[in-house]
$ cat target.txt   # compact mmCIF, C-alpha atoms
# COMPACT_ATOMS: atom_id res chain seq x y z
CA MET A 1 -0.37 21.85 45.47
CA SER A 2 1.08 19.76 42.65
CA SER A 3 2.37 16.95 44.86
CA ILE A 4 0.60 14.67 47.34
CA HIS A 5 3.03 13.25 49.92
CA GLY A 6 5.08 11.51 47.20
CA SER A 7 8.15 11.18 49.41
CA LYS A 8 6.22 9.39 52.21
CA ALA A 9 5.25 6.34 50.15
CA PRO A 10 7.17 3.14 51.02
CA LEU A 11 9.92 2.56 48.44
CA PHE A 12 8.78 -0.96 47.52
CA GLU A 13 5.16 0.08 47.01
CA ARG A 14 6.19 3.03 44.88
CA TRP A 15 8.33 0.84 42.63
CA LYS A 16 5.58 -1.76 42.34
CA ALA A 17 3.17 0.90 41.12
CA ALA A 18 5.86 2.13 38.71
CA ILE A 19 6.17 -1.40 37.29
CA TYR A 20 2.42 -1.60 36.69
CA LEU A 21 2.41 1.81 35.04
CA GLY A 22 5.41 0.83 32.90
CA LEU A 23 3.58 -2.22 31.59
CA ILE A 24 0.51 -0.13 30.75
CA SER A 25 2.39 2.74 29.10
CA SER A 26 4.75 0.55 27.04
CA THR A 27 1.90 -1.64 25.79
CA PHE A 28 -0.17 1.41 24.88
CA SER A 29 2.70 2.97 22.90
CA THR A 30 3.30 -0.33 21.08
CA LEU A 31 -0.34 -0.51 20.01
CA VAL A 32 -0.39 3.12 18.92
CA SER A 33 2.88 2.70 16.98
CA GLN A 34 1.62 -0.39 15.19
CA LEU A 35 -1.77 1.07 14.29
CA ALA A 36 -0.64 4.60 13.40
CA ALA A 37 2.49 3.84 11.38
CA ALA A 38 0.90 3.48 7.96
CA ARG A 39 -1.26 6.56 8.53
CA ILE A 40 1.92 8.69 8.42
CA GLY A 41 3.68 6.73 5.69
CA ARG A 42 5.64 4.27 7.84
CA ASP A 43 5.89 0.51 7.47
CA ALA A 44 5.57 -0.72 11.07
CA ALA A 45 7.34 -4.02 10.37
CA VAL A 46 10.39 -2.23 8.93
CA ASP A 47 10.46 0.18 11.87
CA TRP A 48 10.34 -2.71 14.36
CA MET A 49 13.17 -4.38 12.43
CA SER A 50 15.26 -1.19 12.65
CA VAL A 51 14.66 -1.07 16.39
CA ALA A 52 15.67 -4.73 16.65
CA ALA A 53 19.00 -3.85 15.01
CA ILE A 54 19.91 -1.76 18.06
CA PRO A 55 20.63 -4.78 20.28
CA ALA A 56 20.74 -7.52 17.60
CA ARG A 57 22.87 -5.62 15.05
CA ASP A 58 22.99 -6.98 11.47
CA TRP A 59 21.26 -10.22 12.43
CA ALA A 60 17.93 -8.38 12.54
CA LEU A 61 18.16 -6.90 9.04
CA SER A 62 16.54 -8.62 6.07
CA SER A 63 14.89 -7.63 2.79
CA GLU A 64 11.52 -8.60 4.28
CA PRO A 65 11.23 -8.16 8.07
CA THR A 66 11.13 -11.55 9.77
CA ALA A 67 8.76 -12.45 12.58
CA ALA A 68 11.76 -12.91 14.89
CA ALA A 69 13.11 -9.42 14.12
CA ILE A 70 9.68 -7.86 14.64
CA VAL A 71 9.29 -9.61 17.99
CA VAL A 72 12.75 -8.49 19.09
CA GLY A 73 12.02 -4.91 17.97
CA ILE A 74 8.72 -4.77 19.86
CA ALA A 75 10.25 -6.34 22.96
CA PHE A 76 13.19 -3.90 22.92
CA HIS A 77 10.85 -0.96 22.40
CA GLN A 78 8.64 -2.06 25.29
CA TRP A 79 11.66 -2.58 27.52
CA ALA A 80 12.83 0.98 26.74
CA ASP A 81 9.43 2.56 27.45
CA PHE A 82 9.02 0.41 30.54
CA SER A 83 12.44 1.52 31.78
CA TRP A 84 11.62 5.20 31.34
CA ALA A 85 8.47 4.74 33.45
CA LEU A 86 10.61 3.14 36.18
CA VAL A 87 12.99 6.10 36.03
CA PHE A 88 10.14 8.60 36.24
CA PHE A 89 8.14 6.98 39.05
CA GLY A 90 10.84 4.88 40.71
CA VAL A 91 14.17 6.69 40.58
CA LEU A 92 12.48 10.11 40.59
CA GLY A 93 9.50 8.92 42.61
CA ARG A 94 10.29 11.11 45.60
CA TRP A 95 9.27 14.09 43.45
CA THR A 96 6.92 12.52 40.88
CA ALA A 97 4.90 9.82 42.67
CA GLY A 98 2.52 12.32 44.25
CA LEU A 99 1.93 14.54 41.24
CA ARG A 100 -1.70 15.14 40.33
CA PRO A 101 -2.99 13.55 37.09
CA ILE A 102 -3.27 16.85 35.23
CA THR A 103 0.28 17.77 36.24
CA LEU A 104 1.50 14.38 35.03
CA LEU A 105 -0.17 15.03 31.70
CA LEU A 106 1.51 18.41 31.39
CA VAL A 107 4.88 16.94 32.31
CA ALA A 108 4.43 14.17 29.70
CA ILE A 109 5.38 16.46 26.80
CA PRO A 110 8.75 17.71 28.11
CA TRP A 111 9.48 14.21 29.43
CA ALA A 112 8.83 12.75 25.96
CA VAL A 113 11.07 15.41 24.40
CA PHE A 114 13.87 14.61 26.84
CA THR A 115 13.68 10.80 26.73
CA SER A 116 13.31 10.52 22.96
CA ALA A 117 16.14 13.02 22.36
CA PHE A 118 18.41 11.29 24.85
CA GLU A 119 17.85 7.94 23.10
CA TRP A 120 18.19 9.37 19.58
CA LEU A 121 21.26 11.51 20.28
CA VAL A 122 23.14 9.50 22.92
CA LEU A 123 21.95 6.11 24.15
CA VAL A 124 21.53 4.45 20.75
CA PRO A 125 24.20 5.99 18.47
CA LEU A 126 26.74 6.39 21.27
CA PHE A 127 27.01 4.74 24.68
CA PRO A 128 25.95 2.05 25.42
CA PHE A 129 24.79 0.66 22.04
CA TRP A 130 27.00 2.46 19.48
CA GLN A 131 24.43 1.70 16.75
CA PRO A 132 24.02 4.60 14.29
CA ILE A 133 21.39 2.91 12.07
CA PHE A 134 18.45 3.97 14.22
CA THR A 135 19.44 7.63 14.41
CA LEU A 136 20.48 7.99 10.78
CA GLN A 137 17.55 6.02 9.37
CA GLN A 138 14.64 7.22 11.48
CA PRO A 139 13.96 10.95 11.98
CA TYR A 140 13.72 12.18 15.55
CA TRP A 141 10.00 12.93 15.47
CA ILE A 142 9.11 9.23 15.18
CA GLY A 143 10.72 8.51 18.54
CA PHE A 144 9.13 11.61 20.05
CA LEU A 145 5.63 10.52 19.01
CA VAL A 146 6.24 7.04 20.40
CA HIS A 147 7.52 8.40 23.72
CA LEU A 148 4.65 10.88 23.89
CA SER A 149 2.08 8.10 23.48
CA SER A 150 3.78 6.20 26.30
CA ALA A 151 4.04 9.21 28.63
CA SER A 152 0.40 10.09 27.95
CA MET A 153 -0.51 7.12 30.16
CA TYR A 154 1.40 8.51 33.15
CA PRO A 155 -1.67 10.19 34.72
CA LEU A 156 -3.04 6.69 35.41
CA TYR A 157 -0.34 6.34 38.07
CA ALA A 158 -2.71 8.19 40.41
CA TRP A 159 -4.88 5.05 40.48
CA LEU A 160 -1.86 2.80 41.06
CA ARG A 161 -0.27 4.74 43.91
CA PRO A 162 0.38 2.96 47.23
CA PRO A 163 -2.61 2.88 49.61
CA CYS A 164 -0.78 5.06 52.13
CA MET A 165 -0.85 7.97 49.71
CA ASP A 166 -3.81 10.26 49.22
CA ARG A 167 -6.40 8.96 46.75
CA PRO A 168 -7.35 11.17 43.81
CA ALA A 169 -10.15 13.60 44.60
CA SER A 170 -13.47 13.25 42.80
CA GLY A 171 -12.51 15.88 40.22
CA GLN A 172 -9.27 14.08 39.49
CA ASN A 173 -11.10 10.76 39.20
CA SER A 174 -13.44 12.29 36.65
CA PHE A 175 -10.46 13.60 34.68
CA LEU A 176 -8.80 10.15 34.76
CA LYS A 177 -11.95 8.43 33.55
CA LEU A 178 -12.30 10.91 30.71
CA TRP A 179 -8.61 10.56 29.82
CA LEU A 180 -8.81 6.76 29.82
CA ALA A 181 -11.97 6.88 27.71
CA GLY A 182 -10.22 9.22 25.28
CA ALA A 183 -7.23 6.87 25.00
CA ALA A 184 -9.53 3.91 24.38
CA THR A 185 -11.46 5.89 21.78
CA GLY A 186 -8.21 6.84 20.06
CA LEU A 187 -7.12 3.21 19.91
CA LEU A 188 -10.52 2.23 18.53
CA ALA A 189 -10.30 4.95 15.87
CA LEU A 190 -6.81 3.85 14.83
CA SER A 191 -7.96 0.22 14.74
CA THR A 192 -10.92 1.20 12.54
CA LEU A 193 -8.69 3.18 10.16
CA SER A 194 -6.28 0.25 9.96
CA ALA A 195 -9.10 -2.18 9.22
CA VAL A 196 -10.58 0.06 6.53
CA ALA A 197 -7.11 0.50 5.01
CA LEU A 198 -7.04 -3.23 4.27
CA ALA A 199 -9.66 -2.44 1.62
CA ASP A 200 -7.45 0.35 0.17
CA ARG A 201 -9.41 3.09 1.87
CA GLU A 202 -7.62 5.90 3.65
CA LEU A 203 -8.83 9.30 4.76
CA PRO A 204 -9.32 11.42 1.62
CA TRP A 205 -6.50 13.34 -0.02
CA LEU A 206 -6.22 16.69 1.75
CA GLY A 207 -3.97 18.61 -0.58
CA ARG A 208 -4.35 21.70 -2.75
CA ALA A 209 -1.99 20.84 -5.63
CA PRO A 210 -2.94 17.44 -7.07
CA ASP A 211 -0.38 17.49 -9.88
CA ILE A 212 2.55 17.93 -7.49
CA ASP A 213 1.41 15.21 -5.10
CA ARG A 214 0.52 12.79 -7.90
CA THR A 215 3.87 13.35 -9.57
CA PHE A 216 5.67 12.71 -6.30
CA ILE A 217 3.84 9.41 -5.76
CA ARG A 218 4.43 8.23 -9.33
CA HIS A 219 8.07 9.27 -9.51
CA MET A 220 9.04 8.07 -6.04
CA SER A 221 7.32 4.74 -6.66
CA THR A 222 9.30 4.32 -9.90
CA HIS A 223 12.50 5.49 -8.22
CA HIS A 224 12.02 3.05 -5.33
CA GLU A 225 11.38 0.21 -7.76
CA GLN A 226 14.89 0.65 -9.17
CA GLY A 227 16.31 1.14 -5.68
CA ILE A 228 14.81 -2.16 -4.52
CA GLY A 229 16.46 -3.91 -7.45
CA LEU A 230 19.84 -2.34 -6.69
CA ALA A 231 19.63 -3.13 -2.98
CA SER A 232 18.50 -6.71 -3.66
CA MET A 233 21.49 -7.19 -5.94
CA ALA A 234 23.85 -5.96 -3.22
CA ALA A 235 22.15 -8.15 -0.62
CA ASP A 236 23.24 -11.12 -2.74
CA LYS A 237 26.59 -9.99 -4.16
CA ALA A 238 28.26 -7.60 -1.70
CA ARG A 239 31.42 -9.02 -0.13
CA ASP A 240 31.26 -6.91 3.02
CA PRO A 241 28.73 -8.54 5.40
CA HIS A 242 27.68 -5.21 6.93
CA LEU A 243 27.06 -3.72 3.49
CA ARG A 244 24.93 -6.77 2.66
CA ALA A 245 22.89 -6.14 5.81
CA LEU A 246 22.50 -2.44 4.95
CA ALA A 247 21.37 -3.38 1.45
CA LYS A 248 18.69 -5.61 2.96
CA LEU A 249 17.51 -2.73 5.11
CA MET A 250 17.37 -0.44 2.06
CA ALA A 251 15.34 -3.02 0.13
CA ALA A 252 12.93 -3.46 3.04
CA SER A 253 12.51 0.30 3.60
CA GLN A 254 11.87 1.09 -0.05
CA ASN A 255 9.59 -1.92 -0.45
CA GLY A 256 7.50 -0.73 2.49
CA GLU A 257 7.37 2.85 1.23
CA LYS A 258 6.47 1.77 -2.29
CA ARG A 259 3.60 -0.33 -0.96
CA ILE A 260 2.33 2.68 0.99
CA LEU A 261 2.62 4.99 -2.03
CA ASP A 262 0.74 2.51 -4.22
CA HIS A 263 -1.89 2.12 -1.51
CA LEU A 264 -2.35 5.89 -1.16
CA TRP A 265 -2.77 6.30 -4.91
CA THR A 266 -5.42 3.56 -5.04
CA SER A 267 -7.24 5.07 -2.08
CA TRP A 268 -7.11 8.70 -3.19
CA PHE A 269 -7.37 8.74 -6.96
CA SER A 270 -9.87 7.05 -9.25
CA SER A 271 -7.59 6.48 -12.24
CA PRO A 272 -4.81 3.84 -12.23
CA MET A 273 -1.27 5.06 -11.60
CA GLN A 274 0.39 5.84 -14.93
CA ILE A 275 3.74 4.27 -15.71
CA CYS A 276 6.46 6.90 -15.94
CA SER A 277 7.40 7.68 -19.53
CA ALA A 278 10.90 7.43 -20.95
CA GLU A 279 11.13 11.23 -20.88
CA GLU A 280 10.20 11.31 -17.18
CA ARG A 281 12.73 8.60 -16.36
CA ALA A 282 15.46 10.44 -18.25
CA THR A 283 14.99 13.58 -16.17
CA MET A 284 14.27 11.86 -12.84
CA PRO A 285 17.00 12.78 -10.30
CA GLY A 286 19.33 9.89 -9.49
CA LEU A 287 17.62 7.28 -11.67
CA LEU A 288 20.43 5.16 -13.12
CA ASP A 289 20.59 4.50 -16.84
CA GLY A 290 21.02 1.16 -18.56
CA ALA A 291 24.80 1.50 -18.89
CA GLN A 292 25.22 2.11 -15.15
CA LEU A 293 22.99 -0.83 -14.27
CA GLU A 294 24.91 -3.09 -16.67
CA GLN A 295 28.20 -1.91 -15.19
CA LEU A 296 27.04 -2.96 -11.74
CA HIS A 297 25.70 -6.29 -13.01
CA GLN A 298 29.02 -7.07 -14.67
CA ALA A 299 31.28 -5.73 -11.90
CA PRO A 300 33.88 -8.25 -10.65
CA SER A 301 33.36 -9.35 -7.08
CA ALA A 302 36.35 -7.36 -5.84
CA GLU A 303 34.95 -4.14 -7.34
CA PHE A 304 31.26 -4.62 -6.64
CA ASP A 305 31.06 -3.09 -3.15
CA GLY A 306 32.72 0.21 -4.07
CA LEU A 307 30.71 0.55 -7.28
CA PHE A 308 27.45 -0.22 -5.49
CA VAL A 309 28.12 2.44 -2.86
CA LYS A 310 28.93 4.96 -5.61
CA LEU A 311 25.82 4.22 -7.69
CA MET A 312 23.47 3.86 -4.72
CA THR A 313 24.72 7.19 -3.40
CA ILE A 314 23.75 8.79 -6.72
CA HIS A 315 20.39 7.02 -6.58
CA HIS A 316 19.70 8.02 -2.97
CA ALA A 317 20.74 11.62 -3.62
CA GLY A 318 18.09 11.76 -6.34
CA ALA A 319 15.43 10.45 -3.98
CA VAL A 320 16.50 13.01 -1.38
CA LYS A 321 16.02 15.81 -3.93
CA MET A 322 12.58 14.51 -4.93
CA ALA A 323 11.52 14.22 -1.29
CA ASP A 324 12.85 17.69 -0.52
CA ASP A 325 10.84 19.11 -3.43
CA GLU A 326 7.66 17.43 -2.14
CA LEU A 327 8.35 18.71 1.34
CA SER A 328 8.65 22.25 -0.04
CA ARG A 329 5.92 22.21 -2.69
CA GLY A 330 3.57 19.33 -1.83
CA SER A 331 0.27 19.90 -0.10
CA ASP A 332 -1.13 16.73 1.48
CA PRO A 333 0.27 16.67 5.05
CA ARG A 334 0.71 12.88 5.10
CA LEU A 335 2.81 12.96 1.93
CA ARG A 336 4.92 15.80 3.30
CA VAL A 337 5.53 13.87 6.52
CA MET A 338 6.47 10.82 4.46
CA ALA A 339 8.75 12.93 2.26
CA HIS A 340 10.57 14.25 5.32
CA ALA A 341 11.17 10.70 6.55
CA ILE A 342 12.45 9.60 3.12
CA ARG A 343 14.79 12.59 2.92
CA HIS A 344 16.22 11.80 6.34
CA GLU A 345 16.42 8.04 5.79
CA GLN A 346 18.19 8.12 2.43
CA GLN A 347 20.72 10.72 3.52
CA GLY A 348 21.37 8.54 6.55
CA GLU A 349 21.85 5.44 4.43
CA ILE A 350 24.45 7.26 2.32
CA ALA A 351 26.31 7.99 5.55
CA LEU A 352 25.94 4.38 6.70
CA MET A 353 27.35 3.08 3.41
CA ASN A 354 30.34 5.31 4.05
CA CYS A 355 30.76 3.83 7.56
CA VAL A 356 29.85 7.03 9.42
CA ALA A 357 29.44 6.33 13.13
CA GLY A 358 29.79 7.90 16.57
CA THR A 359 29.45 11.63 17.07
CA HIS A 360 29.82 12.25 13.32
CA ALA A 361 26.68 10.17 12.75
CA VAL A 362 24.80 12.19 15.38
CA VAL A 363 25.83 15.51 13.82
CA LEU A 364 24.79 14.35 10.36
CA ALA A 365 21.47 13.02 11.64
CA VAL A 366 20.65 16.37 13.22
CA GLU A 367 21.60 18.22 10.03
CA ASN A 368 19.62 15.79 7.87
CA MET A 369 16.50 16.51 9.91
CA PHE A 370 16.45 20.07 8.58
CA SER A 371 17.68 20.03 4.98
CA ASP A 372 18.91 18.22 1.91
CA ASN A 373 22.65 18.09 2.53
CA VAL A 374 23.81 15.57 -0.08
CA ASN A 375 22.85 17.73 -3.08
CA ARG A 376 24.60 20.87 -1.90
CA ASN A 377 27.90 21.32 -3.70
CA ASP A 378 29.57 22.80 -0.65
CA ARG A 379 28.62 19.73 1.39
CA GLN A 380 29.30 16.96 -1.11
CA PRO A 381 32.95 16.38 -0.07
CA ARG A 382 31.85 15.56 3.47
CA TRP A 383 30.45 12.25 2.30
CA GLY A 384 33.78 11.38 0.73
CA ALA A 385 34.59 8.04 -0.83
CA SER A 386 33.39 4.71 0.49
CA CYS A 387 35.30 3.26 3.42
CA ARG A 388 35.42 0.00 1.46
CA PRO A 389 37.89 -0.74 -1.30

$ encode --input "target.txt" --output "structure tokens"
Amino acid sequence: MSSIHGSKAPLFERWKAAIYLGLISSTFSTLVSQLAAARIGRDAAVDWMSVAAIPARDWALSSEPTAAAIVVGIAFHQWADFSWALVFFGVLGRWTAGLRPITLLLVAIPWAVFTSAFEWLVLVPLFPFWQPIFTLQQPYWIGFLVHLSSASMYPLYAWLRPPCMDRPASGQNSFLKLWLAGAATGLLALSTLSAVALADRELPWLGRAPDIDRTFIRHMSTHHEQGIGLASMAADKARDPHLRALAKLMAASQNGEKRILDHLWTSWFSSPMQICSAEERATMPGLLDGAQLEQLHQAPSAEFDGLFVKLMTIHHAGAVKMADDELSRGSDPRLRVMAHAIRHEQQGEIALMNCVAGTHAVVLAVENMFSDNVNRNDRQPRWGASCRP
């Protein structure tokens, strides 16, 4: 039997237990997200800021994530995870409240797939929030991992069930104790890795092709340095307020990624990171030359927005190509995961600069998860010209 009299529990008691479980699961996923982000090449503060932009819109976006935006992002994330627990054990409690702990653990994976996909594809970019930034800027797998960490706490509901329901058998209690100990050990391990990382020490490089991975770190760090300068300029000079907010997000994202790349180099390799030569810069995809930078610096206010979108699209397309190359040829799994996120993010930001929204944004986000679309000649016209004059 996979269910233990779930439908017989009083409605109020079932919902109360769901509330407790929601608080536990959402807090656990917040801690895991915060501690694990940098281990997979994510800046947690920037990710929280992006989440905050779902309800708070452009107000949340800044070149350096503010404490207020981070708090809003964490609170909104916890509210979402908390709500999914209420749906699972409250709304669906007639069928789920009596499930055995092992069954709840097995159900956690498909539930995480469903809830994260529904948020990423519908709830955030379409109704009710109509906010494409989250879906275009963050690849789907980030949300899935967050939802999976939350749903992994669902077996603990067996200890929170109303007294009128059957208590877990001794074997189930043993499983729950082991599962809780494993979760605590995982949090401790992540906390230890985060603490050690403060001294520029990560788990060793795990690749097979050092030249490819080193080149990616050096080139992407240099590329991001120029991108931060371009985005910072637009954050100050763009006339369109939404474009200014997007520029701040770009600066924050690339700042965070550059810090992580620099940190990984220091942790993995004994020699200092070499500055890219003039020859490397000349052949680096999307790196703007002096004439293009001067043109943007000198652009009249009325022409700045359109020129920035044009030049930043070129710049982002270059970063997408570099990330796609690392994803195909690189060897360290953390760098390849980071490269996938950069490829998705920068394609999404090109779409955002061109005011893509609604179902078009969802379609592009799905496509961007699987390939480099901006550098394919047959796809280039889809980006079109900027929606701004």

$ residues_near_point --input "target.txt" --point "(-11.3, 13.8, 38.5)" --cutoff "12 Å" --atoms "all atoms listed in the file" --output "tab-separated table (two decimals) with C-alpha atoms, in the frame of the given file"
chain	number	residue	atom	x	y	z
A	100	ARG	CA	-1.70	15.14	40.33
A	101	PRO	CA	-2.99	13.55	37.09
A	102	ILE	CA	-3.27	16.85	35.23
A	155	PRO	CA	-1.67	10.19	34.72
A	156	LEU	CA	-3.04	6.69	35.41
A	158	ALA	CA	-2.71	8.19	40.41
A	159	TRP	CA	-4.88	5.05	40.48
A	167	ARG	CA	-6.40	8.96	46.75
A	168	PRO	CA	-7.35	11.17	43.81
A	169	ALA	CA	-10.15	13.60	44.60
A	170	SER	CA	-13.47	13.25	42.80
A	171	GLY	CA	-12.51	15.88	40.22
A	172	GLN	CA	-9.27	14.08	39.49
A	173	ASN	CA	-11.10	10.76	39.20
A	174	SER	CA	-13.44	12.29	36.65
A	175	PHE	CA	-10.46	13.60	34.68
A	176	LEU	CA	-8.80	10.15	34.76
A	177	LYS	CA	-11.95	8.43	33.55
A	178	LEU	CA	-12.30	10.91	30.71
A	179	TRP	CA	-8.61	10.56	29.82
A	180	LEU	CA	-8.81	6.76	29.82

$ closest_residue --input "target.txt" --among "A:Asn354, A:Ser253, A:Ser62, A:Ser194" --to "A:Arg42" --atoms "all atoms listed in the file"
A:Ser253

$ atom_distance --input "target.txt" --atom1 "atom CA of A:His344" --atom2 "atom CA of A:Ala60"
21.2 Å

$ closest_residue --input "target.txt" --among "A:Leu249, A:Leu311, A:Phe89, A:Leu23" --to "A:Ala52" --atoms "all atoms listed in the file"
A:Leu249

$ residues_around --input "target.txt" --residues "A:Gly256" --least-positions-apart "3" --cutoff "8 Å" --atoms "only C-alpha atoms" --output "NGL selection string"
:A and (42-43 or 46 or 252-253 or 259-260)

$ residues_around --input "target.txt" --residues "A:Asn255" --least-positions-apart "5" --cutoff "9 Å" --atoms "only C-alpha atoms" --output "number ranges by chain"
A: 63-64, 224-225, 228, 250, 260

$ closest_residue --input "target.txt" --among "A:Ser270, A:Gln78, A:Thr27, A:Gln138" --to "A:Asp47" --atoms "all atoms listed in the file"
A:Gln138

$ residues_around --input "target.txt" --residues "A:Leu188" --least-positions-apart "4" --cutoff "12 Å" --atoms "all atoms listed in the file" --output "PyMOL selection string"
chain A and resi 31-32+35-36+181-184+192-195

$ residues_around --input "target.txt" --residues "A:Ala108" --least-positions-apart "2" --cutoff "10 Å" --atoms "all atoms listed in the file" --output "number ranges by chain"
A: 102-106, 110-114, 147-155

$ closest_residue --input "target.txt" --among "A:Ala251, A:Leu352, A:Val309, A:Ile212" --to "A:Gly330" --atoms "all atoms listed in the file"
A:Ile212

$ residues_around --input "target.txt" --residues "A:Glu326" --least-positions-apart "3" --cutoff "8 Å" --atoms "all atoms listed in the file" --output "list in words"
Ile212, Asp213, Phe216, Met322, Ala323, Arg329, Gly330, Leu335, Arg336 and Ala339 of chain A

$ closest_residue --input "target.txt" --among "A:Asp325, A:Gly93, A:Met369, A:Phe308" --to "A:Ile142" --atoms "all atoms listed in the file"
A:Met369

$ residues_near_point --input "target.txt" --point "(4.2, -0.9, 26.5)" --cutoff "9 Å" --atoms "only C-alpha atoms" --output "VMD selection string"
chain A and resid 22 to 31 74 to 75 77 to 82 150

$ decode --input "target.txt" --residues "stretch 363-369 of chain A" --atoms "all heavy atoms" --output "PDB file, in the first residue's frame"
ATOM      1  N   VAL A 363       9.217  30.479 -26.337  1.00  0.00           N
ATOM      2  CA  VAL A 363       9.749  29.663 -27.435  1.00  0.00           C
ATOM      3  C   VAL A 363      11.258  29.865 -27.569  1.00  0.00           C
ATOM      4  O   VAL A 363      12.028  28.899 -27.694  1.00  0.00           O
ATOM      5  CB  VAL A 363       9.031  30.009 -28.756  1.00  0.00           C
ATOM      6  CG1 VAL A 363       9.726  29.331 -29.939  1.00  0.00           C
ATOM      7  CG2 VAL A 363       7.570  29.576 -28.702  1.00  0.00           C
ATOM      8  N   LEU A 364      11.697  31.119 -27.525  1.00  0.00           N
ATOM      9  CA  LEU A 364      13.124  31.393 -27.636  1.00  0.00           C
ATOM     10  C   LEU A 364      13.902  30.788 -26.471  1.00  0.00           C
ATOM     11  O   LEU A 364      14.999  30.253 -26.647  1.00  0.00           O
ATOM     12  CB  LEU A 364      13.374  32.903 -27.697  1.00  0.00           C
ATOM     13  CG  LEU A 364      13.134  33.594 -29.041  1.00  0.00           C
ATOM     14  CD1 LEU A 364      13.387  35.090 -28.921  1.00  0.00           C
ATOM     15  CD2 LEU A 364      14.029  33.000 -30.115  1.00  0.00           C
ATOM     16  N   ALA A 365      13.354  30.894 -25.270  1.00  0.00           N
ATOM     17  CA  ALA A 365      14.035  30.352 -24.092  1.00  0.00           C
ATOM     18  C   ALA A 365      14.235  28.847 -24.237  1.00  0.00           C
ATOM     19  O   ALA A 365      15.304  28.325 -23.904  1.00  0.00           O
ATOM     20  CB  ALA A 365      13.245  30.674 -22.830  1.00  0.00           C
ATOM     21  N   VAL A 366      13.210  28.158 -24.707  1.00  0.00           N
ATOM     22  CA  VAL A 366      13.331  26.711 -24.906  1.00  0.00           C
ATOM     23  C   VAL A 366      14.401  26.413 -25.955  1.00  0.00           C
ATOM     24  O   VAL A 366      15.258  25.531 -25.769  1.00  0.00           O
ATOM     25  CB  VAL A 366      11.975  26.106 -25.313  1.00  0.00           C
ATOM     26  CG1 VAL A 366      12.138  24.637 -25.705  1.00  0.00           C
ATOM     27  CG2 VAL A 366      10.965  26.240 -24.184  1.00  0.00           C
ATOM     28  N   GLU A 367      14.381  27.142 -27.055  1.00  0.00           N
ATOM     29  CA  GLU A 367      15.372  26.918 -28.108  1.00  0.00           C
ATOM     30  C   GLU A 367      16.784  27.224 -27.606  1.00  0.00           C
ATOM     31  O   GLU A 367      17.739  26.502 -27.919  1.00  0.00           O
ATOM     32  CB  GLU A 367      15.042  27.783 -29.328  1.00  0.00           C
ATOM     33  CG  GLU A 367      13.760  27.376 -30.038  1.00  0.00           C
ATOM     34  CD  GLU A 367      13.401  28.318 -31.172  1.00  0.00           C
ATOM     35  OE1 GLU A 367      14.021  29.409 -31.259  1.00  0.00           O
ATOM     36  OE2 GLU A 367      12.517  27.977 -31.966  1.00  0.00           O
ATOM     37  N   ASN A 368      16.916  28.296 -26.819  1.00  0.00           N
ATOM     38  CA  ASN A 368      18.230  28.697 -26.331  1.00  0.00           C
ATOM     39  C   ASN A 368      18.819  27.685 -25.354  1.00  0.00           C
ATOM     40  O   ASN A 368      20.033  27.662 -25.147  1.00  0.00           O
ATOM     41  CB  ASN A 368      18.150  30.068 -25.662  1.00  0.00           C
ATOM     42  CG  ASN A 368      17.836  31.181 -26.644  1.00  0.00           C
ATOM     43  OD1 ASN A 368      17.956  30.995 -27.859  1.00  0.00           O
ATOM     44  ND2 ASN A 368      17.431  32.324 -26.133  1.00  0.00           N
ATOM     45  N   MET A 369      17.965  26.882 -24.737  1.00  0.00           N
ATOM     46  CA  MET A 369      18.460  25.851 -23.836  1.00  0.00           C
ATOM     47  C   MET A 369      19.300  24.809 -24.575  1.00  0.00           C
ATOM     48  O   MET A 369      20.170  24.171 -23.989  1.00  0.00           O
ATOM     49  CB  MET A 369      17.278  25.149 -23.160  1.00  0.00           C
ATOM     50  CG  MET A 369      16.691  25.896 -21.979  1.00  0.00           C
ATOM     51  SD  MET A 369      17.739  25.762 -20.534  1.00  0.00           S
ATOM     52  CE  MET A 369      17.690  24.002 -20.232  1.00  0.00           C
TER      53      MET A 369
END
